[in-house]
file target_10.txt (compact mmCIF, C-alpha atoms and all ligand atoms)
# COMPACT_ATOMS: atom_id res chain seq x y z
CA MET L 1106 -40.41 51.11 26.23
CA SER L 1107 -39.29 54.66 26.75
CA LEU L 1108 -36.82 56.74 28.69
CA SER L 1109 -38.78 58.46 31.43
CA ARG L 1110 -35.74 60.27 32.77
CA VAL L 1111 -32.28 61.04 31.40
CA THR L 1112 -29.44 62.63 33.36
CA VAL L 1113 -26.37 63.78 31.47
CA THR L 1114 -23.11 64.96 33.01
CA ALA L 1115 -20.01 66.26 31.19
CA VAL L 1116 -20.93 65.14 27.67
CA ARG L 1117 -19.35 67.59 25.18
CA ASN L 1118 -20.68 71.13 25.79
CA LEU L 1119 -23.84 70.07 27.67
CA HIS L 1120 -24.47 71.51 31.13
CA PRO L 1121 -25.43 68.90 33.71
CA VAL L 1122 -29.09 68.23 33.01
CA THR L 1123 -31.98 65.95 33.90
CA LEU L 1124 -34.77 65.65 31.36
CA SER L 1125 -38.20 64.06 31.62
CA PRO L 1126 -38.90 63.29 27.99
CA SER L 1127 -42.28 62.58 26.48
CA PRO L 1128 -42.87 58.85 25.92
CA ARG L 1129 -43.51 59.71 22.28
CA ILE L 1130 -42.23 62.73 20.38
CA ASN L 1131 -39.38 64.90 21.68
CA ILE L 1132 -38.11 67.81 19.62
CA LEU L 1133 -34.75 69.39 20.44
CA HIS L 1134 -34.17 72.63 18.62
CA GLY L 1135 -31.46 75.24 18.71
CA ALA L 1136 -28.67 76.95 16.81
CA ASN L 1137 -25.69 75.24 15.22
CA GLY L 1138 -23.23 74.08 17.87
CA SER L 1139 -25.74 74.42 20.72
CA GLY L 1140 -25.56 70.75 21.79
CA LYS L 1141 -28.50 68.98 20.10
CA THR L 1142 -26.49 66.16 18.57
CA SER L 1143 -24.55 65.87 21.84
CA LEU L 1144 -27.78 65.02 23.65
CA LEU L 1145 -28.53 62.27 21.11
CA GLU L 1146 -24.96 61.06 21.53
CA ALA L 1147 -25.52 60.86 25.30
CA VAL L 1148 -28.62 58.67 24.78
CA HIS L 1149 -26.65 56.58 22.27
CA LEU L 1150 -23.92 56.10 24.88
CA LEU L 1151 -26.58 54.87 27.28
CA GLY L 1152 -27.89 52.30 24.78
CA LEU L 1153 -24.70 51.12 23.12
CA ALA L 1154 -21.77 52.29 25.27
CA ARG L 1155 -20.33 54.05 22.25
CA SER L 1156 -20.70 57.20 20.19
CA PHE L 1157 -21.97 57.48 16.64
CA ARG L 1158 -19.69 60.42 15.83
CA SER L 1159 -16.28 59.01 16.57
CA SER L 1160 -14.85 55.59 17.15
CA ARG L 1161 -13.34 56.78 20.42
CA LEU L 1162 -15.22 57.99 23.46
CA LEU L 1163 -12.54 60.42 24.65
CA PRO L 1164 -13.76 63.38 22.51
CA LEU L 1165 -17.16 62.98 24.14
CA ILE L 1166 -15.86 63.88 27.60
CA GLN L 1167 -16.23 67.58 28.31
CA TYR L 1168 -12.97 69.53 28.30
CA GLU L 1169 -11.41 69.71 31.77
CA GLN L 1170 -13.74 67.02 33.15
CA PRO L 1171 -12.48 63.63 34.36
CA ALA L 1172 -15.42 61.55 33.04
CA CYS L 1173 -18.80 61.70 31.33
CA THR L 1174 -21.85 59.95 32.72
CA VAL L 1175 -25.37 59.24 31.49
CA PHE L 1176 -28.15 57.75 33.60
CA GLY L 1177 -31.49 56.70 32.27
CA GLN L 1178 -34.68 55.43 33.78
CA VAL L 1179 -36.42 53.12 31.33
CA LEU L 1180 -40.13 52.45 31.50
CA LYS L 1181 -40.48 48.97 30.06
CA ALA L 1182 -43.37 47.59 28.04
CA ASP L 1183 -44.57 45.58 31.06
CA GLY L 1184 -44.74 48.76 33.20
CA ARG L 1185 -41.61 48.03 35.24
CA LEU L 1186 -38.78 50.53 35.61
CA SER L 1187 -35.15 49.79 34.90
CA ASN L 1188 -32.14 51.98 35.68
CA LEU L 1189 -29.19 52.18 33.34
CA GLY L 1190 -25.93 54.05 33.78
CA VAL L 1191 -22.87 54.40 31.57
CA SER L 1192 -19.75 56.24 32.57
CA ARG L 1193 -16.45 56.70 30.76
CA ASP L 1194 -13.35 58.34 32.22
CA ARG L 1195 -10.22 59.78 30.58
CA GLN L 1196 -8.21 56.65 31.42
CA GLY L 1197 -10.53 54.60 29.20
CA GLU L 1198 -12.44 52.95 32.04
CA LEU L 1199 -15.99 52.19 30.93
CA GLN L 1200 -18.57 51.34 33.53
CA ILE L 1201 -21.98 49.95 32.62
CA ARG L 1202 -24.59 49.54 35.35
CA ILE L 1203 -27.95 47.89 34.88
CA ASP L 1204 -30.30 48.01 37.87
CA GLY L 1205 -27.45 48.44 40.31
CA GLN L 1206 -25.31 45.64 38.86
CA ASN L 1207 -22.18 45.97 36.77
CA ALA L 1208 -22.90 44.69 33.27
CA ARG L 1209 -20.33 42.53 31.51
CA SER L 1210 -21.00 43.58 27.94
CA ALA L 1211 -22.59 46.27 25.84
CA ALA L 1212 -24.91 43.57 24.42
CA GLN L 1213 -26.79 43.64 27.74
CA LEU L 1214 -27.32 47.37 27.30
CA ALA L 1215 -28.46 46.93 23.71
CA GLU L 1216 -30.98 44.38 24.93
CA ALA L 1217 -32.24 46.79 27.62
CA LEU L 1218 -32.44 49.84 25.34
CA PRO L 1219 -32.85 49.10 21.62
CA LEU L 1220 -31.93 52.25 19.72
CA GLN L 1221 -32.33 53.24 16.09
CA LEU L 1222 -30.28 56.13 14.78
CA ILE L 1223 -31.12 58.17 11.70
CA ASN L 1224 -28.64 60.96 11.06
CA PRO L 1225 -27.02 62.79 8.15
CA ASP L 1226 -24.48 59.93 7.86
CA SER L 1227 -27.22 57.37 7.38
CA PHE L 1228 -26.77 57.23 3.61
CA ARG L 1229 -23.70 55.09 4.40
CA LEU L 1230 -26.10 52.23 4.92
CA LEU L 1231 -26.54 52.28 1.14
CA GLU L 1232 -23.19 53.60 -0.02
CA GLY L 1233 -20.83 52.22 2.59
CA ALA L 1234 -19.02 48.92 2.98
CA PRO L 1235 -20.96 45.67 3.50
CA LYS L 1236 -20.03 45.81 7.19
CA VAL L 1237 -22.46 48.70 7.73
CA ARG L 1238 -25.33 46.69 6.22
CA ARG L 1239 -24.34 43.56 8.18
CA GLN L 1240 -24.49 45.60 11.37
CA PHE L 1241 -27.94 46.84 10.38
CA LEU L 1242 -29.09 43.29 9.61
CA ASP L 1243 -27.62 41.81 12.77
CA TRP L 1244 -29.12 44.54 14.94
CA GLY L 1245 -32.52 43.36 13.75
CA VAL L 1246 -31.78 39.65 14.08
CA PHE L 1247 -30.30 40.17 17.56
CA HIS L 1248 -33.45 41.91 18.75
CA VAL L 1249 -35.93 39.36 17.45
CA GLU L 1250 -33.99 36.08 17.73
CA PRO L 1251 -32.44 35.28 21.13
CA ARG L 1252 -30.47 32.33 19.69
CA PHE L 1253 -28.59 34.64 17.33
CA LEU L 1254 -26.02 36.03 19.81
CA PRO L 1255 -24.70 32.65 21.06
CA ALA L 1256 -24.46 31.38 17.45
CA TRP L 1257 -22.62 34.54 16.43
CA GLN L 1258 -20.19 34.15 19.34
CA ARG L 1259 -19.52 30.53 18.31
CA LEU L 1260 -18.87 31.69 14.76
CA GLN L 1261 -16.38 34.34 15.91
CA LYS L 1262 -14.48 31.79 17.97
CA ALA L 1263 -14.31 29.23 15.16
CA LEU L 1264 -13.33 31.90 12.67
CA ARG L 1265 -10.51 33.21 14.86
CA GLN L 1266 -9.27 29.66 15.25
CA ARG L 1267 -9.37 29.01 11.50
CA ASN L 1268 -7.69 32.30 10.59
CA SER L 1269 -4.91 31.64 13.07
CA TRP L 1270 -4.50 28.14 11.62
CA LEU L 1271 -4.36 29.58 8.08
CA ARG L 1272 -1.55 31.91 9.10
CA HIS L 1273 0.44 29.73 11.48
CA GLY L 1274 -0.73 26.14 10.86
CA THR L 1275 -0.64 25.48 14.60
CA LEU L 1276 -3.19 22.63 14.74
CA ASP L 1277 -3.12 19.15 13.23
CA ALA L 1278 -5.52 18.51 10.34
CA ALA L 1279 -8.01 16.42 12.36
CA SER L 1280 -8.44 19.06 15.10
CA GLN L 1281 -8.82 21.79 12.51
CA ALA L 1282 -11.46 19.72 10.70
CA ALA L 1283 -13.44 19.65 13.96
CA TRP L 1284 -13.20 23.45 14.18
CA ASP L 1285 -14.31 23.75 10.56
CA ARG L 1286 -17.38 21.63 11.32
CA GLU L 1287 -18.20 24.00 14.19
CA LEU L 1288 -17.67 26.95 11.84
CA CYS L 1289 -20.07 25.50 9.26
CA LEU L 1290 -22.73 24.65 11.85
CA ALA L 1291 -22.66 28.14 13.34
CA SER L 1292 -22.66 29.66 9.83
CA ASP L 1293 -25.73 27.71 8.73
CA GLU L 1294 -27.52 28.67 11.91
CA ILE L 1295 -26.73 32.37 11.49
CA ASP L 1296 -27.68 32.24 7.83
CA GLY L 1297 -31.03 30.71 8.78
CA TYR L 1298 -31.79 33.47 11.30
CA ARG L 1299 -30.73 36.22 8.91
CA ARG L 1300 -32.78 34.76 6.06
CA ALA L 1301 -35.89 34.45 8.21
CA TYR L 1302 -35.39 38.01 9.36
CA ILE L 1303 -35.08 39.42 5.86
CA GLN L 1304 -38.17 37.51 4.80
CA ALA L 1305 -40.12 39.18 7.62
CA LEU L 1306 -38.52 42.58 7.04
CA LYS L 1307 -39.10 42.82 3.29
CA PRO L 1308 -42.88 43.29 3.20
CA VAL L 1309 -42.80 45.72 6.13
CA PHE L 1310 -40.02 47.68 4.46
CA GLU L 1311 -41.89 47.79 1.15
CA ARG L 1312 -45.07 49.01 2.80
CA THR L 1313 -43.21 51.66 4.79
CA LEU L 1314 -41.29 52.85 1.75
CA GLU L 1315 -44.50 53.16 -0.24
CA GLU L 1316 -45.88 55.54 2.37
CA LEU L 1317 -42.74 57.64 2.30
CA VAL L 1318 -41.70 57.99 -1.30
CA GLU L 1319 -42.56 56.75 -4.76
CA LEU L 1320 -39.71 54.58 -5.97
CA GLN L 1321 -40.67 52.01 -8.53
CA GLY L 1322 -38.60 48.86 -8.71
CA LEU L 1323 -36.54 49.16 -5.55
CA SER L 1324 -35.61 45.71 -4.33
CA LEU L 1325 -33.93 44.39 -1.22
CA SER L 1326 -32.08 41.11 -1.28
CA TYR L 1327 -29.74 39.16 0.95
CA TYR L 1328 -26.36 37.65 0.11
CA ARG L 1329 -25.33 35.10 2.69
CA GLY L 1330 -21.57 35.39 2.20
CA TRP L 1331 -21.00 32.32 0.06
CA ASP L 1332 -22.41 30.69 -3.07
CA LYS L 1333 -26.09 29.90 -2.50
CA GLU L 1334 -25.84 26.64 -4.47
CA ARG L 1335 -23.02 25.13 -2.42
CA GLU L 1336 -22.34 23.97 1.13
CA LEU L 1337 -19.94 26.21 3.03
CA ASN L 1338 -17.74 23.20 3.78
CA ASP L 1339 -17.20 22.62 0.04
CA VAL L 1340 -16.52 26.29 -0.58
CA LEU L 1341 -13.95 26.37 2.23
CA ALA L 1342 -12.23 23.25 0.88
CA ALA L 1343 -12.11 24.69 -2.63
CA SER L 1344 -10.66 28.01 -1.53
CA LEU L 1345 -8.17 26.67 1.01
CA SER L 1346 -4.97 27.64 -0.80
CA ARG L 1347 -6.29 31.12 -1.51
CA ASP L 1348 -7.37 31.51 2.10
CA GLN L 1349 -3.86 30.48 3.16
CA GLN L 1350 -2.34 33.05 0.84
CA MET L 1351 -4.62 35.78 2.17
CA GLY L 1352 -4.26 34.67 5.79
CA HIS L 1353 -8.00 34.71 6.45
CA THR L 1354 -11.25 32.98 5.51
CA GLN L 1355 -12.82 34.44 2.38
CA ALA L 1356 -16.29 32.93 2.44
CA GLY L 1357 -18.88 32.73 5.19
CA PRO L 1358 -21.45 34.78 7.10
CA GLN L 1359 -18.73 37.33 7.97
CA ARG L 1360 -19.08 38.35 4.30
CA ALA L 1361 -22.89 38.61 4.18
CA ASP L 1362 -24.46 41.69 2.64
CA LEU L 1363 -27.78 43.28 1.79
CA ARG L 1364 -28.32 44.48 -1.73
CA LEU L 1365 -30.56 47.37 -2.59
CA ARG L 1366 -31.17 47.70 -6.27
CA LEU L 1367 -33.25 49.98 -8.40
CA GLY L 1368 -34.02 47.97 -11.52
CA ALA L 1369 -30.66 46.81 -12.81
CA HIS L 1370 -28.63 49.35 -10.83
CA ASN L 1371 -27.14 49.63 -7.41
CA ALA L 1372 -29.60 51.95 -5.62
CA ALA L 1373 -26.80 54.06 -4.09
CA ASP L 1374 -25.56 54.96 -7.61
CA ILE L 1375 -28.97 56.22 -8.74
CA LEU L 1376 -30.88 57.71 -5.84
CA SER L 1377 -30.70 61.37 -4.83
CA ARG L 1378 -29.50 62.20 -1.33
CA GLY L 1379 -33.06 62.85 -0.14
CA GLN L 1380 -34.28 59.58 -1.66
CA GLN L 1381 -31.41 57.75 0.01
CA LYS L 1382 -32.39 59.22 3.34
CA LEU L 1383 -35.99 58.10 2.84
CA VAL L 1384 -34.95 54.55 1.91
CA VAL L 1385 -32.77 54.36 5.04
CA CYS L 1386 -35.64 55.73 7.15
CA ALA L 1387 -37.98 53.09 5.71
CA LEU L 1388 -35.46 50.34 6.54
CA ARG L 1389 -35.00 51.56 10.10
CA ILE L 1390 -38.70 52.13 10.71
CA ALA L 1391 -39.43 48.64 9.37
CA GLN L 1392 -36.93 47.26 11.89
CA GLY L 1393 -38.77 49.06 14.68
CA HIS L 1394 -42.02 47.40 13.63
CA LEU L 1395 -40.39 43.96 13.74
CA VAL L 1396 -38.96 44.56 17.21
CA ASP L 1397 -42.42 45.53 18.30
CA GLN L 1398 -44.04 42.46 16.69
CA ALA L 1399 -41.54 40.21 18.45
CA LYS L 1400 -42.99 41.57 21.72
CA ARG L 1401 -39.60 42.69 22.84
CA GLY L 1402 -40.78 46.19 23.64
CA GLN L 1403 -40.36 49.04 21.27
CA CYS L 1404 -37.17 50.72 20.32
CA ILE L 1405 -36.26 54.35 20.71
CA TYR L 1406 -35.49 56.48 17.66
CA LEU L 1407 -32.82 59.14 17.52
CA VAL L 1408 -33.33 61.31 14.44
CA ASP L 1409 -30.60 63.90 14.08
CA ASP L 1410 -31.46 66.85 11.86
CA LEU L 1411 -34.72 65.38 10.61
CA PRO L 1412 -35.55 68.17 8.13
CA SER L 1413 -32.21 68.05 6.29
CA GLU L 1414 -32.43 66.87 2.66
CA LEU L 1415 -36.25 66.59 2.84
CA ASP L 1416 -38.92 68.74 1.25
CA GLU L 1417 -42.11 69.50 3.14
CA GLN L 1418 -44.13 66.61 1.79
CA HIS L 1419 -41.49 64.00 2.63
CA ARG L 1420 -40.75 65.59 5.99
CA ARG L 1421 -44.42 65.28 6.90
CA ALA L 1422 -44.61 61.71 5.66
CA LEU L 1423 -41.58 60.76 7.76
CA CYS L 1424 -43.02 62.45 10.87
CA ARG L 1425 -46.30 60.60 10.36
CA LEU L 1426 -44.53 57.22 10.11
CA LEU L 1427 -42.47 57.93 13.23
CA GLU L 1428 -45.63 58.97 15.01
CA ASP L 1429 -47.44 55.80 13.92
CA LEU L 1430 -44.66 53.61 15.33
CA HIS L 1431 -45.90 54.58 18.82
CA CYS L 1432 -42.27 54.71 19.92
CA GLN L 1433 -40.30 57.29 21.78
CA VAL L 1434 -38.55 59.53 19.28
CA PHE L 1435 -35.89 62.19 19.85
CA ILE L 1436 -35.72 64.58 16.91
CA THR L 1437 -33.27 67.44 16.46
CA CYS L 1438 -33.63 70.41 14.15
CA VAL L 1439 -32.41 73.97 13.85
CA ASP L 1440 -35.75 75.54 12.99
CA HIS L 1441 -38.51 74.12 15.19
CA GLU L 1442 -41.20 75.87 13.13
CA LEU L 1443 -40.75 73.07 10.59
CA LEU L 1444 -41.77 70.44 13.13
CA ARG L 1445 -44.10 72.28 15.47
CA GLU L 1446 -47.33 71.54 13.60
CA GLY L 1447 -48.83 68.45 12.08
CA TRP L 1448 -48.77 66.01 15.01
CA ARG L 1449 -52.01 64.35 16.02
CA THR L 1450 -53.70 66.07 18.93
CA ASP L 1451 -53.43 63.00 21.18
CA THR L 1452 -49.70 62.50 20.53
CA PRO L 1453 -47.64 63.81 23.46
CA VAL L 1454 -45.05 66.17 22.03
CA ALA L 1455 -42.34 67.76 24.20
CA MET L 1456 -40.13 70.56 22.91
CA PHE L 1457 -36.71 71.42 24.25
CA HIS L 1458 -34.65 74.48 23.40
CA VAL L 1459 -30.91 73.87 23.38
CA GLU L 1460 -28.74 76.94 23.82
CA HIS L 1461 -24.97 77.05 24.55
CA GLY L 1462 -25.15 73.59 26.14
CA GLY L 1463 -28.17 74.37 28.32
CA ILE L 1464 -31.49 72.58 27.69
CA THR L 1465 -34.84 74.06 28.67
CA GLN L 1466 -38.19 72.48 28.07
CA THR L 1467 -40.40 74.91 26.18
CA HIS L 1468 -43.44 72.71 25.72
CA ASP L 1469 -44.46 69.98 28.09
CA HIS L 1470 -46.33 66.98 26.68
CA ARG L 1471 -48.46 66.91 29.87
CA GLU L 1472 -49.75 70.44 29.34
N1 LIG L 1501 -15.39 67.42 24.52
C1 LIG L 1501 -16.02 68.59 24.37
N2 LIG L 1501 -16.10 69.46 25.41
C2 LIG L 1501 -16.74 70.64 25.29
N3 LIG L 1501 -17.35 71.05 24.16
C3 LIG L 1501 -17.30 70.22 23.10
C4 LIG L 1501 -16.65 68.96 23.15
N4 LIG L 1501 -16.78 68.35 21.97
C5 LIG L 1501 -17.49 69.18 21.19
N5 LIG L 1501 -17.79 70.32 21.86
C6 LIG L 1501 -18.62 71.46 21.40
O1 LIG L 1501 -19.96 71.12 21.67
C7 LIG L 1501 -20.82 71.87 20.83
C8 LIG L 1501 -22.05 71.07 20.53
O2 LIG L 1501 -22.01 70.37 19.34
P1 LIG L 1501 -23.26 69.61 18.73
O3 LIG L 1501 -22.72 68.83 17.60
O4 LIG L 1501 -23.99 68.88 19.80
O5 LIG L 1501 -24.16 70.81 18.20
P2 LIG L 1501 -25.54 70.78 17.41
O6 LIG L 1501 -26.51 71.54 18.26
O7 LIG L 1501 -25.89 69.40 17.05
O8 LIG L 1501 -25.17 71.65 16.13
P3 LIG L 1501 -25.59 71.50 14.58
O9 LIG L 1501 -26.93 72.17 14.44
O10 LIG L 1501 -24.53 72.27 13.88
O11 LIG L 1501 -25.61 70.07 14.23
C9 LIG L 1501 -19.98 72.36 19.67
O12 LIG L 1501 -19.88 73.76 19.79
C10 LIG L 1501 -18.61 71.73 19.92
O13 LIG L 1501 -17.57 72.58 19.60
MG MG L 1502 -25.97 68.45 15.22

call {"tool": "encode", "arguments": {"input": "target_10.txt", "output": "structure tokens", "more": "lines below"}}
Ligand SMILES: Nc1ncnc2c1ncn2[C@@H]1O[C@H](COP(=O)(O)OP(=O)(O)OP(=O)(O)O)[C@@H](O)[C@H]1O
Ligand SMILES: [Mg+2]
result
Amino acid sequence: MSLSRVTVTAVRNLHPVTLSPSPRINILHGANGSGKTSLLEAVHLLGLARSFRSSRLLPLIQYEQPACTVFGQVLKADGRLSNLGVSRDRQGELQIRIDGQNARSAAQLAEALPLQLINPDSFRLLEGAPKVRRQFLDWGVFHVEPRFLPAWQRLQKALRQRNSWLRHGTLDAASQAAWDRELCLASDEIDGYRRAYIQALKPVFERTLEELVELQGLSLSYYRGWDKERELNDVLAASLSRDQQMGHTQAGPQRADLRLRLGAHNAADILSRGQQKLVVCALRIAQGHLVDQAKRGQCIYLVDDLPSELDEQHRRALCRLLEDLHCQVFITCVDHELLREGWRTDTPVAMFHVEHGGITQTHDHRE
């Protein structure tokens, strides 16, 4: 799948623009502050109805403008076209349209346009809180396992019920026991999907990493959120008084994590910034391969400031892996000379120059 057309209106400093990107490699280059990241943000808005730069969408809307809008025409793996639109106004109204219909949730967008983001903040996947790694994991599970989302929604409902009961004790014991059973069933189901996913991801990740960088002894493992030797029901019973004190449930899939270790150490404590970036790239590229294998179409990669932190050899290796994914990729950089050469002759590469919010195509992939 790829975006065959993107129309952006009133996103940060960008002039109204319609682009016809290459189905494969797209390079956006320009000076600092010209609007490169803003274009990636616009595509991100189209795929996830949110920004990656701030938790709020308001800063995304161009000064003096009432709303920002992004439209995209998606060419799907089966050759059909789909039209997506996301609009956000200053009052907070978010409108999502998929093929002329209002969409109820951002999950429908995510399904229609799977996006992978690699940007200078990506090291947070290693250094940040477990929540960041859970989001990474669940992105992958969501895109390869259709039963994941309903199970996750059941878990959230049961968890809200239990946490409210822990704080206010509103239900009788028998009714709460029924909710706990539901919680445990949904938890086991989610754990099963996540485990299967990690099992499939690991070898692909290891292969990808090997092609990118030499890092002996890097291991990826999964923590399910509670003791692997015990049933969740027993863990919940044993920690009831502590849960009541804390006012929320301590154990369960809402506490799952991925662990990346280098020998005996936490990888984030040992790796250099460039190595961290390469590990994150390998994880995200591996996810793209799994989405592809699951025949759910390919995802689209947004790589902000690709050359940063990387020397020439690693930059080339990363470009080669992105190229070999056969996905649509949007890459930004300040100096396009670094990325101009090295692509295979049959790979369609489009170049765009971004200047003071205006975007002009300088090299057409059809030329
Ligand atoms: N809501 C807004 N309205 C208008 N302009 C904005 C808004 N928010 C940010 N800007 C401006 O938009 C410009 C584009 O920023 P952007 O981050 O896209 O640049 P960039 O090309 O990625 O730069 P860099 O190479 O430094 O990463 C900046 O000059 C910023 O000040
Ligand atoms: Mg930028």

call {"tool": "residues_near_ligand", "arguments": {"input": "target_10.txt", "ligand": "ligand MG 1502 (chain L)", "cutoff": "7 Å", "atoms": "only C-alpha atoms and all ligand atoms", "output": "JSON list (two decimals) with C-alpha atoms, in the coordinates of the input"}}
result
[["chain", "number", "residue", "atom", "x", "y", "z"],
["L", 1137, "ASN", "CA", -25.69, 75.24, 15.22],
["L", 1138, "GLY", "CA", -23.23, 74.08, 17.87],
["L", 1140, "GLY", "CA", -25.56, 70.75, 21.79],
["L", 1141, "LYS", "CA", -28.50, 68.98, 20.10],
["L", 1142, "THR", "CA", -26.49, 66.16, 18.57],
["L", 1409, "ASP", "CA", -30.60, 63.90, 14.08],
["L", 1410, "ASP", "CA", -31.46, 66.85, 11.86]]

call {"tool": "closest_residue", "arguments": {"input": "target_10.txt", "among": "L:Thr1354, L:Ser1127, L:Thr1452, L:Thr1437", "to": "ligand LIG 1501 (chain L)", "atoms": "all atoms listed in the file"}}
result
L:Thr1437

call {"tool": "closest_residue", "arguments": {"input": "target_10.txt", "among": "L:Leu1423, L:Cys1173, L:Leu1231, L:Leu1165", "to": "Ala1373 of chain L", "atoms": "all atoms listed in the file"}}
result
L:Leu1231

call {"tool": "closest_residue", "arguments": {"input": "target_10.txt", "among": "L:Glu1169, L:Asp1348, L:Asp1397, L:Asp1204", "to": "ligand LIG 1501 (chain L)", "atoms": "all atoms listed in the file"}}
result
L:Glu1169

call {"tool": "closest_residue", "arguments": {"input": "target_10.txt", "among": "L:Gln1221, L:Gln1167, L:Ser1227, L:Ser1109", "to": "Gln1403 of chain L", "atoms": "all atoms listed in the file"}}
result
L:Gln1221

call {"tool": "atom_distance", "arguments": {"input": "target_10.txt", "atom1": "atom CA of Ala1391 of chain L", "atom2": "atom CA of Ile1132 of chain L"}}
result
21.8 Å

call {"tool": "residues_near_ligand", "arguments": {"input": "target_10.txt", "ligand": "ligand LIG 1501 (chain L)", "cutoff": "10 Å", "atoms": "all atoms listed in the file", "output": "PyMOL selection string"}}
result
chain L and resi 1115-1120+1133-1147+1158+1162-1170+1173+1225+1409-1410+1437-1440+1459-1462

call {"tool": "residues_around", "arguments": {"input": "target_10.txt", "residues": "Ala1455 of chain L", "least_positions_apart": "5", "cutoff": "12 Å", "atoms": "all atoms listed in the file", "output": "ChimeraX atom specification"}}
result
/L:1124-1134,1433-1437,1441,1444-1445,1448,1465-1472

call {"tool": "closest_residue", "arguments": {"input": "target_10.txt", "among": "L:His1431, L:Arg1449, L:Arg1335, L:Arg1420", "to": "Cys1386 of chain L", "atoms": "all atoms listed in the file"}}
result
L:Arg1420

call {"tool": "residues_around", "arguments": {"input": "target_10.txt", "residues": "Val1148 of chain L", "least_positions_apart": "3", "cutoff": "10 Å", "atoms": "only C-alpha atoms", "output": "PyMOL selection string"}}
result
chain L and resi 1108+1111-1113+1142-1145+1151-1156+1175-1177+1191+1218+1220+1405+1407+1435

call {"tool": "atom_distance", "arguments": {"input": "target_10.txt", "atom1": "atom CA of Gly1184 of chain L", "atom2": "atom CA of Ala1215 of chain L"}}
result
18.9 Å

call {"tool": "closest_residue", "arguments": {"input": "target_10.txt", "among": "L:Gln1359, L:Asn1371, L:Gln1213, L:Gln1398", "to": "Leu1325 of chain L", "atoms": "all atoms listed in the file"}}
result
L:Asn1371

call {"tool": "build_atoms", "arguments": {"input": "target_10.txt", "residues": "segment 1381-1385 of chain L", "atoms": "all heavy atoms", "output": "mmCIF file, in the coordinates of the input"}}
result
data_model
loop_
_atom_site.group_PDB
_atom_site.id
_atom_site.type_symbol
_atom_site.label_atom_id
_atom_site.label_comp_id
_atom_site.auth_asym_id
_atom_site.auth_seq_id
_atom_site.Cartn_x
_atom_site.Cartn_y
_atom_site.Cartn_z
ATOM 1 N N GLN L 1381 -32.201 58.688 -0.801
ATOM 2 C CA GLN L 1381 -31.410 57.750 0.010
ATOM 3 C C GLN L 1381 -31.822 57.822 1.471
ATOM 4 O O GLN L 1381 -31.984 56.812 2.143
ATOM 5 C CB GLN L 1381 -29.916 58.062 -0.100
ATOM 6 C CG GLN L 1381 -29.336 57.747 -1.454
ATOM 7 C CD GLN L 1381 -27.812 57.838 -1.457
ATOM 8 O OE1 GLN L 1381 -27.169 57.712 -0.433
ATOM 9 N NE2 GLN L 1381 -27.237 58.052 -2.609
ATOM 10 N N LYS L 1382 -31.999 59.048 1.931
ATOM 11 C CA LYS L 1382 -32.390 59.220 3.340
ATOM 12 C C LYS L 1382 -33.738 58.537 3.599
ATOM 13 O O LYS L 1382 -33.927 57.880 4.620
ATOM 14 C CB LYS L 1382 -32.472 60.718 3.675
ATOM 15 C CG LYS L 1382 -32.958 61.004 5.079
ATOM 16 C CD LYS L 1382 -32.647 62.422 5.502
ATOM 17 C CE LYS L 1382 -33.258 62.731 6.864
ATOM 18 N NZ LYS L 1382 -32.736 63.969 7.438
ATOM 19 N N LEU L 1383 -34.670 58.688 2.648
ATOM 20 C CA LEU L 1383 -35.990 58.100 2.840
ATOM 21 C C LEU L 1383 -35.933 56.570 2.820
ATOM 22 O O LEU L 1383 -36.643 55.903 3.589
ATOM 23 C CB LEU L 1383 -36.951 58.625 1.762
ATOM 24 C CG LEU L 1383 -37.248 60.132 1.915
ATOM 25 C CD1 LEU L 1383 -37.839 60.702 0.636
ATOM 26 C CD2 LEU L 1383 -38.168 60.395 3.109
ATOM 27 N N VAL L 1384 -35.089 56.011 1.959
ATOM 28 C CA VAL L 1384 -34.950 54.550 1.910
ATOM 29 C C VAL L 1384 -34.381 54.052 3.254
ATOM 30 O O VAL L 1384 -34.866 53.069 3.831
ATOM 31 C CB VAL L 1384 -34.044 54.109 0.733
ATOM 32 C CG1 VAL L 1384 -33.693 52.632 0.840
ATOM 33 C CG2 VAL L 1384 -34.739 54.394 -0.594
ATOM 34 N N VAL L 1385 -33.365 54.758 3.754
ATOM 35 C CA VAL L 1385 -32.770 54.360 5.040
ATOM 36 C C VAL L 1385 -33.807 54.479 6.162
ATOM 37 O O VAL L 1385 -33.929 53.595 7.012
ATOM 38 C CB VAL L 1385 -31.516 55.208 5.352
ATOM 39 C CG1 VAL L 1385 -31.034 54.962 6.773
ATOM 40 C CG2 VAL L 1385 -30.408 54.903 4.350
#
